[in-house]
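Below you'll find the structure, written out as structure tokens, and then a few comments.
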Amino acid sequence: MKTCPRCESKKGETVSQSPVKGAWEIYQCQTCFFTWRSCEPESITMHLYCNP
Ligand SMILES: [Zn+2]
């Protein structure tokens, strides 16, 4: 389980992974349904920095 950067619940689940193993993962919060990638832990507004 990952901590959601938006609501800080601990219910983030992995929903997708990079074809390159370990490069990045996509998580979804089961509380607020926010999704984020593993390579944007803090700055969740900067999505363009994280193209696969
Ligand atoms: Zn959340």
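By convention in this document, the chains of the structure tokens carry letters A, B, ... by their order, each chain's residues are numbered from 1, and ligands are numbered from 1 in the order they are shown.
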Q: May I have the residues within 12 Å of ligand 1, computed using only C-alpha atoms and all ligand atoms, as a PyMOL selection string?
A: chain A and resi 1-13+27-36
Q | Exercise: Ile26 (chain A) partners within 6 Å, only C-alpha atoms, chain neighbours under 3 positions left out, as a PyMOL selection string | A | chain A and resi 14-16+36-37
